[in-house]
Structures are given as C-alpha cells and as structure tokens.
>>> print(open('upload.txt').read())   # compact mmCIF, C-alpha atoms
# COMPACT_ATOMS: atom_id res chain seq x y z
CA MET A 1 17.09 19.26 -12.29
CA HIS A 2 17.04 19.25 -8.53
CA LEU A 3 13.34 18.79 -7.89
CA PRO A 4 13.42 18.85 -4.08
CA GLN A 5 14.32 22.53 -4.36
CA HIS A 6 11.00 23.16 -6.05
CA PRO A 7 8.61 21.63 -3.53
CA GLU A 8 5.46 22.78 -5.29
CA LEU A 9 6.48 21.43 -8.66
CA LEU A 10 7.62 18.19 -7.02
CA ASP A 11 4.28 17.85 -5.26
CA ARG A 12 2.38 18.50 -8.49
CA LEU A 13 4.41 15.98 -10.46
CA ALA A 14 4.15 13.39 -7.70
CA ALA A 15 0.36 13.83 -7.62
CA SER A 16 -0.07 13.28 -11.35
CA TYR A 17 2.45 10.45 -11.26
CA ALA A 18 0.41 8.68 -8.59
CA LEU A 19 -2.84 9.44 -10.38
CA GLY A 20 -1.37 7.90 -13.52
CA THR A 21 -1.97 10.86 -15.82
CA LEU A 22 1.73 11.65 -15.99
CA ARG A 23 2.67 9.61 -19.04
CA GLY A 24 5.35 8.98 -21.61
CA GLY A 25 8.66 10.79 -21.38
CA ALA A 26 7.58 12.93 -18.44
CA ARG A 27 6.77 9.80 -16.46
CA ARG A 28 10.11 8.20 -17.27
CA ARG A 29 11.98 11.35 -16.30
CA PHE A 30 10.11 11.47 -13.00
CA GLU A 31 10.94 7.82 -12.34
CA THR A 32 14.61 8.48 -13.01
CA LEU A 33 14.58 11.37 -10.55
CA ALA A 34 12.76 9.19 -8.04
CA ARG A 35 15.49 6.57 -8.30
CA GLU A 36 18.19 9.16 -7.70
CA GLN A 37 16.58 11.36 -5.08
CA ALA A 38 14.96 10.08 -1.91
CA PRO A 39 12.69 13.14 -1.43
CA VAL A 40 11.20 12.53 -4.87
CA ARG A 41 10.51 8.90 -3.96
CA ALA A 42 8.94 10.04 -0.71
CA ALA A 43 6.65 12.52 -2.49
CA ALA A 44 5.52 9.81 -4.91
CA LEU A 45 4.84 7.41 -2.04
CA ILE A 46 2.82 9.98 -0.16
CA TRP A 47 0.61 10.61 -3.16
CA GLN A 48 0.22 6.94 -3.94
CA SER A 49 -0.99 6.33 -0.45
CA ARG A 50 -3.31 9.37 -0.52
CA LEU A 51 -4.90 8.40 -3.82
CA GLY A 52 -5.13 4.80 -2.67
CA SER A 53 -7.98 6.01 -0.47
CA VAL A 54 -10.04 6.74 -3.59
CA ALA A 55 -10.75 3.01 -3.44
CA GLU A 56 -12.37 3.47 -0.04
CA LEU A 57 -14.69 6.23 -1.20
CA GLN A 58 -16.78 4.38 -3.76
CA GLN A 59 -20.49 3.73 -3.61
CA GLN A 60 -21.39 0.41 -1.99
CA ALA A 61 -23.27 -2.25 -3.92
CA PRO A 62 -24.21 -5.67 -2.57
CA PRO A 63 -22.90 -8.44 -4.83
CA ALA A 64 -25.13 -11.35 -5.90
CA ALA A 65 -25.29 -14.20 -3.38
CA ALA A 66 -23.75 -16.57 -5.94
CA VAL A 67 -20.39 -14.80 -5.63
CA TRP A 68 -19.87 -16.05 -2.09
CA THR A 69 -20.86 -19.56 -3.13
CA ARG A 70 -18.18 -19.51 -5.81
CA ILE A 71 -15.56 -18.21 -3.39
CA ASP A 72 -16.58 -20.80 -0.82
CA ASN A 73 -16.22 -23.59 -3.39
CA LEU A 74 -12.76 -22.42 -4.39
CA LEU A 75 -11.81 -22.18 -0.75
CA ARG A 76 -12.92 -25.74 -0.03
CA ALA A 77 -11.12 -27.07 -3.07
CA GLU A 78 -7.97 -25.29 -2.02
CA GLN A 79 -8.18 -26.56 1.54
CA GLU A 80 -8.73 -30.12 0.37
CA GLN A 81 -5.72 -29.88 -1.88
CA GLN A 82 -3.71 -28.50 1.02
CA ALA A 83 -4.87 -31.34 3.23
CA MET A 84 -3.78 -33.87 0.61
CA LEU A 85 -0.38 -32.23 0.34
CA ASN A 86 -0.01 -32.29 4.10
CA ALA A 87 -0.93 -35.96 4.21
CA ARG A 88 1.77 -36.72 1.66
CA ILE A 89 4.52 -35.10 3.68
CA PRO A 90 6.10 -37.88 5.78
CA ALA A 91 5.32 -37.32 9.43
CA THR A 92 8.85 -36.86 10.73
CA THR A 93 7.57 -34.32 13.21
CA PRO A 94 4.26 -34.72 14.97
CA THR A 95 1.52 -33.24 12.78
CA GLY A 96 1.36 -30.26 15.05
CA PRO A 97 1.92 -26.56 14.60
CA GLY A 98 5.51 -27.07 13.40
CA GLY A 99 4.71 -28.77 10.11
CA TRP A 100 1.68 -26.68 9.59
CA LEU A 101 3.56 -23.47 10.18
CA ARG A 102 6.42 -24.39 7.91
CA ASN A 103 3.98 -25.17 5.21
CA LEU A 104 2.15 -21.93 5.64
CA LEU A 105 5.33 -19.91 5.59
CA LEU A 106 6.55 -21.55 2.42
CA TRP A 107 3.25 -21.00 0.86
CA ARG A 108 3.01 -17.40 1.96
CA GLY A 109 6.49 -16.79 0.70
CA ALA A 110 5.55 -18.03 -2.72
CA THR A 111 2.45 -15.90 -2.98
CA PHE A 112 3.96 -12.86 -1.36
CA ALA A 113 6.11 -11.78 -4.27
CA GLY A 114 3.31 -11.86 -6.77
CA VAL A 115 0.81 -10.20 -4.53
CA ALA A 116 3.15 -7.53 -3.33
CA ALA A 117 3.98 -6.66 -6.90
CA ALA A 118 0.33 -6.47 -7.80
CA ALA A 119 -0.99 -4.74 -4.73
CA VAL A 120 1.67 -2.19 -4.10
CA ALA A 121 2.45 0.40 -6.71
CA VAL A 122 6.13 0.28 -7.38
CA VAL A 123 8.25 3.36 -7.90
CA VAL A 124 11.51 1.59 -8.28
CA GLY A 125 14.05 0.14 -10.61
CA LEU A 126 15.91 -2.88 -9.45
CA ASN A 127 19.34 -1.90 -10.58
CA GLN A 128 20.31 -0.56 -7.19
CA GLN A 129 21.06 -3.98 -5.86
CA GLN A 130 24.83 -3.67 -6.24
CA HIS A 131 24.78 -0.22 -4.76
CA LEU A 132 22.84 -1.62 -1.85
CA THR A 133 25.24 -4.49 -1.31
CA ASP A 134 28.11 -1.99 -1.11
CA GLN A 135 26.21 0.16 1.33
CA ILE A 136 25.38 -2.77 3.53
CA ALA A 137 29.00 -3.92 3.45
CA SER A 138 30.22 -0.54 4.60
CA LEU A 139 27.51 -0.33 7.23
CA GLN A 140 28.49 -3.75 8.48
CA THR A 141 32.06 -2.58 8.87
CA GLN A 142 30.82 0.35 10.91
CA ILE A 143 28.73 -1.96 13.01
CA GLN A 144 31.57 -4.33 13.73
CA SER A 145 33.76 -1.56 15.02
CA ALA A 146 31.15 -0.56 17.61
CA PRO A 147 30.93 -2.82 20.64
CA GLN A 148 27.96 -3.63 22.89
CA ILE A 149 25.45 -3.41 20.10
CA GLU A 150 23.21 -6.42 20.06
CA TYR A 151 20.49 -5.48 17.61
CA VAL A 152 20.95 -3.96 14.18
CA ALA A 153 18.61 -2.90 11.42
CA VAL A 154 19.19 -1.20 8.08
CA LEU A 155 15.96 0.48 7.09
CA GLN A 156 15.48 0.92 3.38
CA ASP A 157 13.09 2.87 1.27
CA ASN A 158 11.18 1.09 -1.43
CA ALA A 159 13.96 1.61 -3.94
CA ALA A 160 16.08 -0.57 -1.65
CA ALA A 161 18.38 2.35 -0.82
CA ALA A 162 19.62 2.25 2.75
CA SER A 163 18.20 5.27 4.54
CA MET A 164 18.51 4.68 8.23
CA LEU A 165 20.86 2.60 10.33
CA VAL A 166 19.37 1.53 13.65
CA THR A 167 21.35 -0.02 16.46
CA PHE A 168 20.21 -1.04 19.89
CA ASP A 169 22.32 -1.32 22.98
CA PRO A 170 20.23 -3.15 25.58
CA LYS A 171 22.70 -2.50 28.40
CA ASN A 172 22.23 1.24 28.21
CA HIS A 173 18.67 1.09 26.82
CA LYS A 174 19.91 3.14 23.90
CA LEU A 175 18.38 3.02 20.45
CA VAL A 176 20.63 4.94 18.07
CA LEU A 177 19.49 5.97 14.60
CA GLN A 178 21.73 7.31 11.93
CA ARG A 179 20.37 8.83 8.76
CA VAL A 180 22.39 7.52 5.85
CA GLY A 181 20.27 8.66 2.92
CA ASN A 182 19.60 12.27 2.03
CA PHE A 183 15.95 12.26 2.99
CA GLN A 184 14.84 15.20 5.11
CA GLU A 185 11.21 15.53 6.12
CA ALA A 186 9.41 18.85 5.64
CA GLY A 187 9.26 21.31 8.55
CA ASP A 188 5.72 20.38 9.50
CA LYS A 189 6.37 16.64 9.53
CA SER A 190 8.11 14.18 11.81
CA LEU A 191 9.43 10.70 11.27
CA GLN A 192 8.24 8.09 13.73
CA LEU A 193 9.87 4.72 14.45
CA TRP A 194 7.65 1.65 14.85
CA ALA A 195 8.21 -1.86 16.06
CA LEU A 196 6.15 -4.34 14.06
CA PRO A 197 5.54 -7.41 16.21
CA PRO A 198 4.68 -10.73 14.52
CA ALA A 199 1.12 -10.35 15.86
CA GLY A 200 -0.69 -7.35 17.26
CA SER A 201 -0.52 -3.72 16.29
CA PRO A 202 2.67 -1.78 15.59
CA HIS A 203 3.92 0.11 18.61
CA SER A 204 5.75 3.37 18.56
CA LEU A 205 9.39 3.47 19.64
CA GLY A 206 9.51 7.23 19.43
CA VAL A 207 9.45 10.30 17.23
CA LEU A 208 12.67 11.27 15.49
CA GLY A 209 14.31 14.67 15.69
CA ARG A 210 15.80 16.30 12.64
CA ASP A 211 19.46 15.53 13.35
CA LYS A 212 21.65 13.16 11.40
CA LEU A 213 22.30 11.10 14.52
CA LEU A 214 19.40 10.40 16.84
CA GLN A 215 18.95 8.64 20.12
CA LEU A 216 15.85 7.12 21.68
CA THR A 217 15.40 5.25 24.92
CA ALA A 218 13.99 1.74 24.74
CA GLY A 219 13.97 -1.32 26.95
CA GLU A 220 15.02 -4.70 25.60
CA GLY A 221 11.39 -5.78 25.93
CA ASP A 222 10.41 -3.20 23.30
CA VAL A 223 12.82 -4.63 20.77
CA LYS A 224 13.19 -8.28 21.66
CA GLU A 225 11.57 -10.65 19.16
CA ILE A 226 10.52 -7.78 16.93
CA PRO A 227 11.18 -8.95 13.36
CA THR A 228 10.74 -5.61 11.63
CA LEU A 229 11.15 -1.91 12.22
CA ALA A 230 9.54 0.78 10.12
CA ILE A 231 9.54 4.55 9.89
CA SER A 232 6.47 6.46 8.85
CA LEU A 233 5.95 10.09 7.95
CA GLU A 234 3.61 11.72 10.44
CA PRO A 235 2.39 15.17 11.41
CA LYS A 236 4.92 17.11 13.45
CA GLY A 237 5.35 15.58 16.88
CA GLY A 238 4.16 12.14 15.76
CA VAL A 239 0.85 10.33 16.03
CA PRO A 240 -1.08 11.62 19.02
CA GLY A 241 -2.19 9.07 21.61
CA GLN A 242 -1.65 5.33 21.32
CA GLY A 243 -2.75 4.91 17.71
CA GLY A 244 -0.79 3.19 14.97
CA PRO A 245 0.89 4.92 12.03
CA THR A 246 -1.32 7.24 9.97
CA GLY A 247 1.15 8.38 7.30
CA PRO A 248 2.97 6.44 4.59
CA VAL A 249 5.78 4.09 5.54
CA LEU A 250 8.99 5.47 4.11
CA PHE A 251 11.59 3.06 5.43
CA LYS A 252 11.47 -0.48 6.64
CA GLY A 253 13.88 -3.26 7.51
CA SER A 254 14.46 -6.42 9.49
CA LEU A 255 15.83 -6.21 12.97
CA ILE A 256 18.65 -8.64 13.45
CA GLN A 257 20.06 -9.78 16.73
CA LYS A 258 23.80 -9.87 16.48
CA VAL A 259 25.36 -13.18 17.35
CA MET A 260 28.26 -12.43 19.63
CA MET B 1 -7.48 -6.31 11.46
CA ALA B 2 -7.96 -9.24 13.84
CA LEU B 3 -9.97 -10.86 11.06
CA LEU B 4 -7.05 -10.57 8.66
CA ASP B 5 -4.81 -12.25 11.26
CA ARG B 6 -7.24 -15.14 11.47
CA ILE B 7 -7.38 -15.36 7.70
CA ALA B 8 -3.57 -15.40 7.65
CA ALA B 9 -3.86 -18.45 9.93
CA GLN B 10 -6.13 -19.93 7.24
CA GLU B 11 -9.32 -19.93 9.29
CA ALA B 12 -12.03 -20.19 6.66
CA PRO B 13 -14.88 -18.80 8.80
CA ALA B 14 -12.90 -15.57 9.20
CA LEU B 15 -12.96 -15.06 5.44
CA LYS B 16 -16.73 -15.39 5.44
CA GLU B 17 -16.98 -12.85 8.22
CA LEU B 18 -14.72 -10.47 6.35
CA TYR B 19 -16.79 -10.99 3.22
CA GLU B 20 -19.97 -10.10 5.08
CA HIS B 21 -18.40 -6.90 6.35
CA THR B 22 -16.67 -5.70 3.23
CA SER B 23 -18.15 -7.26 0.10
CA SER B 24 -20.60 -4.43 -0.64
CA LYS B 25 -17.83 -1.90 -0.36
CA LEU B 26 -15.43 -3.90 -2.51
CA TYR B 27 -18.05 -4.89 -5.05
CA GLY B 28 -18.98 -1.22 -5.46
CA LEU B 29 -15.31 -0.52 -6.07
CA ALA B 30 -14.94 -3.41 -8.51
CA MET B 31 -17.93 -2.09 -10.44
CA ARG B 32 -16.24 1.26 -10.77
CA VAL B 33 -13.03 -0.30 -12.02
CA VAL B 34 -14.41 -2.74 -14.58
CA GLY B 35 -17.85 -1.26 -15.27
CA LYS B 36 -19.94 -4.42 -15.70
CA ARG B 37 -21.74 -6.49 -13.08
CA GLU B 38 -20.57 -9.92 -14.16
CA TRP B 39 -16.99 -8.75 -14.59
CA ALA B 40 -17.07 -7.11 -11.18
CA GLU B 41 -18.24 -10.42 -9.72
CA ASP B 42 -15.25 -12.22 -11.24
CA VAL B 43 -12.95 -9.53 -9.93
CA LEU B 44 -14.50 -9.74 -6.47
CA GLN B 45 -14.00 -13.48 -6.42
CA GLU B 46 -10.36 -13.17 -7.42
CA ALA B 47 -9.83 -10.41 -4.89
CA TYR B 48 -11.12 -12.45 -1.94
CA MET B 49 -9.00 -15.42 -3.00
CA THR B 50 -6.01 -13.08 -3.11
CA ILE B 51 -6.90 -11.81 0.36
CA TRP B 52 -7.17 -15.41 1.56
CA ARG B 53 -3.74 -16.27 0.20
CA SER B 54 -1.88 -13.14 1.15
CA ALA B 55 -3.40 -11.96 4.42
CA GLY B 56 -0.10 -13.03 5.97
CA SER B 57 1.69 -10.19 4.21
CA TYR B 58 -0.92 -7.63 5.18
CA ARG B 59 0.85 -6.47 8.33
CA ALA B 60 3.98 -5.64 6.45
CA SER B 61 2.04 -3.17 4.32
CA LEU B 62 1.12 -1.13 7.41
CA SER B 63 -1.90 0.29 5.62
CA PRO B 64 -5.43 0.45 6.97
CA PRO B 65 -7.18 -2.88 6.23
CA LEU B 66 -9.73 -1.43 3.84
CA ALA B 67 -7.10 0.50 1.91
CA TRP B 68 -5.08 -2.69 1.53
CA MET B 69 -8.09 -4.63 0.28
CA GLY B 70 -9.04 -1.74 -2.01
CA LEU B 71 -5.61 -1.93 -3.65
CA ILE B 72 -6.08 -5.64 -4.23
CA VAL B 73 -9.49 -5.12 -5.84
CA ARG B 74 -8.16 -2.34 -8.05
CA SER B 75 -5.17 -4.32 -9.22
CA ARG B 76 -7.25 -7.48 -9.84
CA GLY B 77 -9.71 -5.27 -11.75
CA LEU B 78 -6.99 -3.71 -13.87
CA ASP B 79 -5.54 -7.16 -14.60
CA PHE B 80 -9.00 -8.24 -15.67
CA LEU B 81 -9.37 -5.27 -18.03
CA ARG B 82 -5.91 -5.89 -19.49
CA ARG B 83 -6.81 -9.51 -20.21
CA ARG B 84 -10.03 -8.38 -21.90
CA THR B 85 -8.20 -5.79 -23.95
CA ALA B 86 -5.74 -8.44 -25.05
CA ASP B 87 -8.64 -10.68 -26.08
CA ARG B 88 -10.48 -8.13 -28.13
CA SER B 89 -9.45 -4.67 -29.07
CA ASN B 90 -12.66 -2.67 -28.97
CA ILE B 91 -13.45 -2.85 -25.31
CA THR B 92 -14.99 0.64 -25.34
CA GLN B 93 -17.80 -0.65 -27.53
CA GLU B 94 -19.13 -2.71 -24.67
CA LEU B 95 -21.86 -1.33 -22.53
CA ASP B 96 -20.34 0.24 -19.50
CA GLU B 97 -22.88 0.38 -16.71
CA VAL B 98 -20.81 2.78 -14.70
CA MET B 99 -19.79 5.26 -17.35
CA ALA B 100 -23.41 5.67 -18.34
CA ASP B 101 -24.32 7.37 -15.10
CA THR B 102 -20.94 8.71 -14.18
CA LEU B 103 -21.42 12.21 -15.45
CA ASP B 104 -25.13 12.88 -15.16
CA GLY B 105 -26.03 11.30 -11.83
CA ASP B 106 -25.87 13.60 -8.86
CA SER B 107 -25.01 11.28 -6.01
CA PRO B 108 -22.56 12.85 -3.61
CA SER B 109 -19.40 10.86 -3.02
CA PRO B 110 -20.52 8.28 -0.47
CA MET B 111 -18.67 7.81 2.76
CA ASP B 112 -18.90 5.13 5.34
CA THR B 113 -17.19 6.83 8.24
CA ALA B 114 -17.27 3.75 10.44
CA GLN B 115 -14.93 1.79 8.22
CA ALA B 116 -12.88 4.43 6.50
CA SER B 117 -9.31 5.19 7.49
CA GLN B 118 -8.22 8.59 8.69
CA GLN B 119 -6.53 9.17 5.39
CA ALA B 120 -9.67 8.32 3.43
CA TRP B 121 -11.54 10.80 5.57
CA ALA B 122 -9.09 13.56 4.63
CA LEU B 123 -9.34 12.67 0.97
CA HIS B 124 -13.12 12.62 1.23
CA GLN B 125 -13.12 16.11 2.72
CA CYS B 126 -11.01 17.40 -0.14
CA MET B 127 -12.89 15.49 -2.83
CA THR B 128 -16.24 16.95 -1.79
CA ARG B 129 -14.85 20.42 -2.49
CA LEU B 130 -14.25 19.55 -6.12
CA ASP B 131 -16.86 20.05 -8.74
CA LYS B 132 -18.60 16.79 -9.53
CA ARG B 133 -17.06 16.36 -12.95
CA GLN B 134 -13.58 16.98 -11.62
CA ARG B 135 -14.16 14.49 -8.82
CA GLU B 136 -15.46 11.81 -11.17
CA LEU B 137 -12.64 12.26 -13.65
CA VAL B 138 -9.95 12.17 -10.98
CA SER B 139 -11.50 9.04 -9.42
CA LEU B 140 -11.87 7.26 -12.73
CA ALA B 141 -8.41 8.20 -13.94
CA TYR B 142 -7.03 6.62 -10.78
CA LEU B 143 -9.31 3.60 -10.47
CA ARG B 144 -9.00 2.59 -14.11
CA ASP B 145 -5.48 3.82 -14.64
CA LEU B 146 -6.54 5.82 -17.69
CA SER B 147 -4.65 8.54 -19.56
CA HIS B 148 -6.28 11.82 -20.56
CA SER B 149 -6.99 10.57 -24.05
CA GLU B 150 -8.36 7.20 -22.90
CA LEU B 151 -10.71 9.01 -20.54
CA ALA B 152 -11.82 11.39 -23.27
CA GLU B 153 -12.48 8.46 -25.58
CA GLN B 154 -14.38 6.36 -23.05
CA LEU B 155 -16.51 9.25 -21.81
CA ARG B 156 -16.90 10.77 -25.28
CA LEU B 157 -15.71 14.15 -24.07
CA PRO B 158 -13.33 16.59 -25.78
CA LEU B 159 -9.71 15.85 -24.83
CA GLY B 160 -9.07 19.51 -23.96
CA SER B 161 -11.88 19.58 -21.38
CA VAL B 162 -10.77 16.31 -19.81
CA LYS B 163 -7.24 17.63 -19.47
CA SER B 164 -8.25 20.89 -17.89
CA TRP B 165 -10.80 19.33 -15.51
CA ILE B 166 -8.23 16.87 -14.28
CA ARG B 167 -5.51 19.48 -14.03
CA ARG B 168 -7.72 21.83 -12.02
CA GLY B 169 -9.22 19.05 -9.93
CA LEU B 170 -5.84 17.61 -9.03
CA GLU B 171 -4.43 21.05 -8.25
CA GLN B 172 -7.30 21.81 -5.86
CA LEU B 173 -6.92 18.39 -4.30
CA ARG B 174 -3.21 18.97 -3.85
CA ILE B 175 -3.66 22.30 -2.09
CA CYS B 176 -6.42 20.87 0.07
CA MET B 177 -4.50 17.70 1.03
CA ALA B 178 -1.49 19.80 2.06
CA ARG B 179 -3.60 21.03 4.97
CA PHE B 180 -4.01 17.50 6.28
CA ALA B 181 -1.10 15.59 7.70
>>> encode(input="upload.txt", output="structure tokens")
Amino acid sequence: MHLPQHPELLDRLAASYALGTLRGGARRRFETLAREQAPVRAAALIWQSRLGSVAELQQQAPPAAAVWTRIDNLLRAEQEQQAMLNARIPATTPTGPGGWLRNLLLWRGATFAGVAAAAVAVVVGLNQQQHLTDQIASLQTQIQSAPQIEYVAVLQDNAAAASMLVTFDPKNHKLVLQRVGNFQEAGDKSLQLWALPPAGSPHSLGVLGRDKLLQLTAGEGDVKEIPTLAISLEPKGGVPGQGGPTGPVLFKGSLIQKVM
Amino acid sequence: MALLDRIAAQEAPALKELYEHTSSKLYGLAMRVVGKREWAEDVLQEAYMTIWRSAGSYRASLSPPLAWMGLIVRSRGLDFLRRRTADRSNITQELDEVMADTLDGDSPSPMDTAQASQQAWALHQCMTRLDKRQRELVSLAYLRDLSHSELAEQLRLPLGSVKSWIRRGLEQLRICMARFA
C-alpha cells in the first residue's frame, strides 16, 4: 500500500505508532513501510517529537533533598575515578586541554551509543547499511566529477538513507542541495537548512524551495569549521526571526572539507 | 542550553544548577512514569547521571533542552519498570500513587510556560481541549508505553472504553495539532 497517498490515514497511523498503542502486526507493517518510504518515516518522526512534549506537561513535584546528595556522591566518585585514570596516563603531552579533551571525547563516544539508543525513539532497521554504502559510492563518483567543490555533506534520515546531497563552492558562495530521496514536504511546510557549530546555537543557512535541485548563497565563514548540517521541517517560509529550529530534524550529516 | 554545554565540559557546579532548575519538573515526570516516590527518586538519580554523561551529545539532538531531558527520564523510567517486571511478575499489585488519583482528581494539565518549548505549548493547547479522561489516558499510554489492554488492566477500566477514549482523544489531538506548525 502506498501510504503517502492517503495523508490522513498515514497521519493517524503515525500518531498511534508514536503513542505506542499501535501494536503487533499493524506495528510491524507500519515499520516496514517506514523503512521503505521516506514520507512515512517523516510522519512517524513528527509524531514522536510532538508526543515527546507530553513529558514537559506533567505536574511538578519537588524531590526529597536526599536525592541530590546521592547524585552528588556519585558525581564525586566518578570524578575521582576519572582523576585517577588521568593520572595513570603517561604525560607525553602537557596535562593541558589536549589530553583532557581526548579523554572526554573517547568517553563521550562510548556513552553516546547507549544513550542515543535509549533517549531517541528509533524507527529504523539497520539492514540498509549496504544500500547506503552503494548510495554513498555513487554520490562520491558524482562529487568527483564536479570541480571547485570544497565542502560536501550527505544528509541522511534516521534510517540512514541518503536524502540530500549538499555541496559548497566557496569561490562562488554557492551552496547547492540535491534531493536524492523521495521525500517531499507538505504544501504548508518548508525544509530549512541549519549549520550546527561545535558550540553555540544552530544558525540557519536558508529555507529550501520545492525543487529537486536547490541553490543557496553562503559565505565560507558560514560553513567553515561547521561539523554538521541538518534539515528540519518548519512552517512554510521557515522559522521567523533569528530563532533556532522548531520542527523535527529530518536529515542530518557531517560536513566534510574535501582534500584537494 | 548554556548549562548543558558546561555540563558537557564536565563542570560539576553546572549540574547542580541544572538540578535546581529542573528537578521538580523531572521528578513530577518520573512519578508519572513509575508511580511510586522511591522508584521515582531512583529514576531521577539515574536520569541526572545520564545527563551528566551525555550532555555532549545533546546538541546533536537539536531538541529543546527540557524535551531532551524529558526523554531521558522517560526512558530511564521505562527501563526501571522493565527491570521490576523481570524481577516479579505482578507489578500491578503494588500500590501506584499516581494511578490512584489519575482519574478522579480534577487538576488541569499544568504548564510552566517559562520553561516549555514552543512545541510543548502547542501540545498543551490541544491537550486542554480533550476531555480529562482522554487526556490522562493518552498521557499515560505514552509515558508508560502501555497498550490498550495494559492500560485497562492497570486502571481497572473496561478495555472497550479505554480503546474508544484513546482513539477519540488521539483523533482530536491529531486534528488540533495539524493547525500548528
């Protein structure tokens, strides 16, 4: 069944999928469709993010003071352990930010996978890896045949399907986006491209039109040293004013500077 | 958000500050997920340790800070309930301090507009239009990840009523949310 052609049914299924009341065979069928069809994945993501706000709407209740004491104790124990580990690492580099940072990154990396899996509801199956590798290979061929491009990103949805190819040509201040998946936003929505700097808030690189091939203007300063780009689904015309993204993030990927 | 950056840099005082700002909110949520004070305290403790360890990945989630923390509390809470269920099978026999007043209390859905994200505000608007029972059932189904029949069992309500309240509640919510971005 081609669900995207029945927007109301799709919306209803996505809502009960995200709520969790869609169970058994119906749930598995929906997940299969979500793997195959990007609009179905998008609908599920939108509802997951909407219902996620239920968590923000609950009655407040002050916890007992002892809870903080327990957390504080754990924290101290963990920091002491960390300090001991640090002391054991031979000081080949001065014990400055370098060693500390490397440590932190390693450590974050290790916790990230578990936490991400726990904290983010996952719509996906993992069996698209091969498919993805092929897609990336063919995209890379495309990239290599185009000169002057210094930055490249393949933005993927959360099923790891490539959905948007982004290239940046700093000479001509041209940011070119090519839709490679079959996702098409609804008529009253727009996609918006964001640069996610390592620190500080995401900044908008522009709102996307509905064409397959899109072009935005950006200076090298907007893109330089940006590790990640993301595309969120926003009201038509994009987020008003200077605010950050308000809608769910549909596609995301690392921005890579091509080595000439 | 700046606090989460400082926590990502492993500044312990920032975690305390965050705790002071958010613990009532998150404890209230933990109570709703697990239903008992002492369990909710365990969940809260685990949640803040998770926040401490994974604040570095917060930015990549692009969600509002409170929504991100809410997801952590919910998933820690659900893990907690799963562990309990694995330990003993008749979890529903335990006194549930939340369920007891879930359906007869008349508190309106609370809203702290200062902290809530734009999206939470939209959901709040739509939730207040639901009848109280529908709102409670939809919230509980989500927060506790319960099926129709689990909800019916835990709340001692007829399965048919639970199904139709949720169906109608979710349908109204869907139509209402379509009006927001």
>>> residues_near_point(input="upload.txt", point="(-2.8, -2.8, 4.1)", cutoff="10 Å", atoms="all atoms listed in the file", output="PyMOL selection string")
(chain A and resi 119-120) or (chain B and resi 1+4+55+57-72)
>>> closest_residue(input="upload.txt", among="A:Leu175, A:Met84, A:Leu214, A:Ile71", to="Tyr48 (chain B)", atoms="only C-alpha atoms")
A:Ile71
>>> closest_atom_pairs(input="upload.txt", of="chain B", to="chain A", cutoff="6 Å", atoms="all atoms listed in the file", output="CSV")
residue,atom,partner,partner_atom,distance
B:Ser24,CA,A:Pro62,CA,4.3
B:Lys25,CA,A:Gln60,CA,4.5
B:Tyr27,CA,A:Ala61,CA,6.0
B:Gly28,CA,A:Gln60,CA,4.5
B:Leu29,CA,A:Gln58,CA,5.6
B:Gln45,CA,A:Ile71,CA,5.8
B:Gly70,CA,A:Ala55,CA,5.2
B:Leu71,CA,A:Ala119,CA,5.5
B:Ile72,CA,A:Ala119,CA,5.2
B:Pro110,CA,A:Gln59,CA,5.5
B:Met111,CA,A:Leu57,CA,5.8
B:Ala120,CA,A:Ser53,CA,4.8
B:Tyr142,CA,A:Leu19,CA,5.1
B:Asp145,CA,A:Gly20,CA,5.9
B:Ser147,CA,A:Thr21,CA,5.2
B:Ala181,CA,A:Pro235,CA,5.1
>>> closest_residue(input="upload.txt", among="B:Ser117, B:Met49, B:Ala8, B:Gly169", to="Asn73 (chain A)", atoms="all atoms listed in the file")
B:Met49
>>> atom_distance(input="upload.txt", atom1="CA of Thr50 (chain B)", atom2="CA of Pro13 (chain B)")
15.9 Å
>>> atom_distance(input="upload.txt", atom1="CA of Ser163 (chain A)", atom2="CA of Phe180 (chain B)")
25.4 Å
>>> residues_around(input="upload.txt", residues="region 162-164 of chain B", least_positions_apart="4", cutoff="10 Å", atoms="all atoms listed in the file", output="count of residues only")
19
>>> residues_near_point(input="upload.txt", point="(11.7, 14.3, 3.7)", cutoff="10 Å", atoms="all atoms listed in the file", output="ChimeraX atom specification")
/A:4,38-43,182-187,189-191,233,250
>>> atom_distance(input="upload.txt", atom1="CA of Tyr17 (chain A)", atom2="CA of Gln192 (chain A)")
25.8 Å
>>> closest_residue(input="upload.txt", among="B:Ala47, B:Leu173, B:Ile7, B:Val73", to="Leu123 (chain B)", atoms="only C-alpha atoms")
B:Leu173
>>> residues_around(input="upload.txt", residues="Gln156 (chain A)", least_positions_apart="4", cutoff="7 Å", atoms="only C-alpha atoms", output="MDAnalysis selection string")
chainID A and resid 160:164 251:253
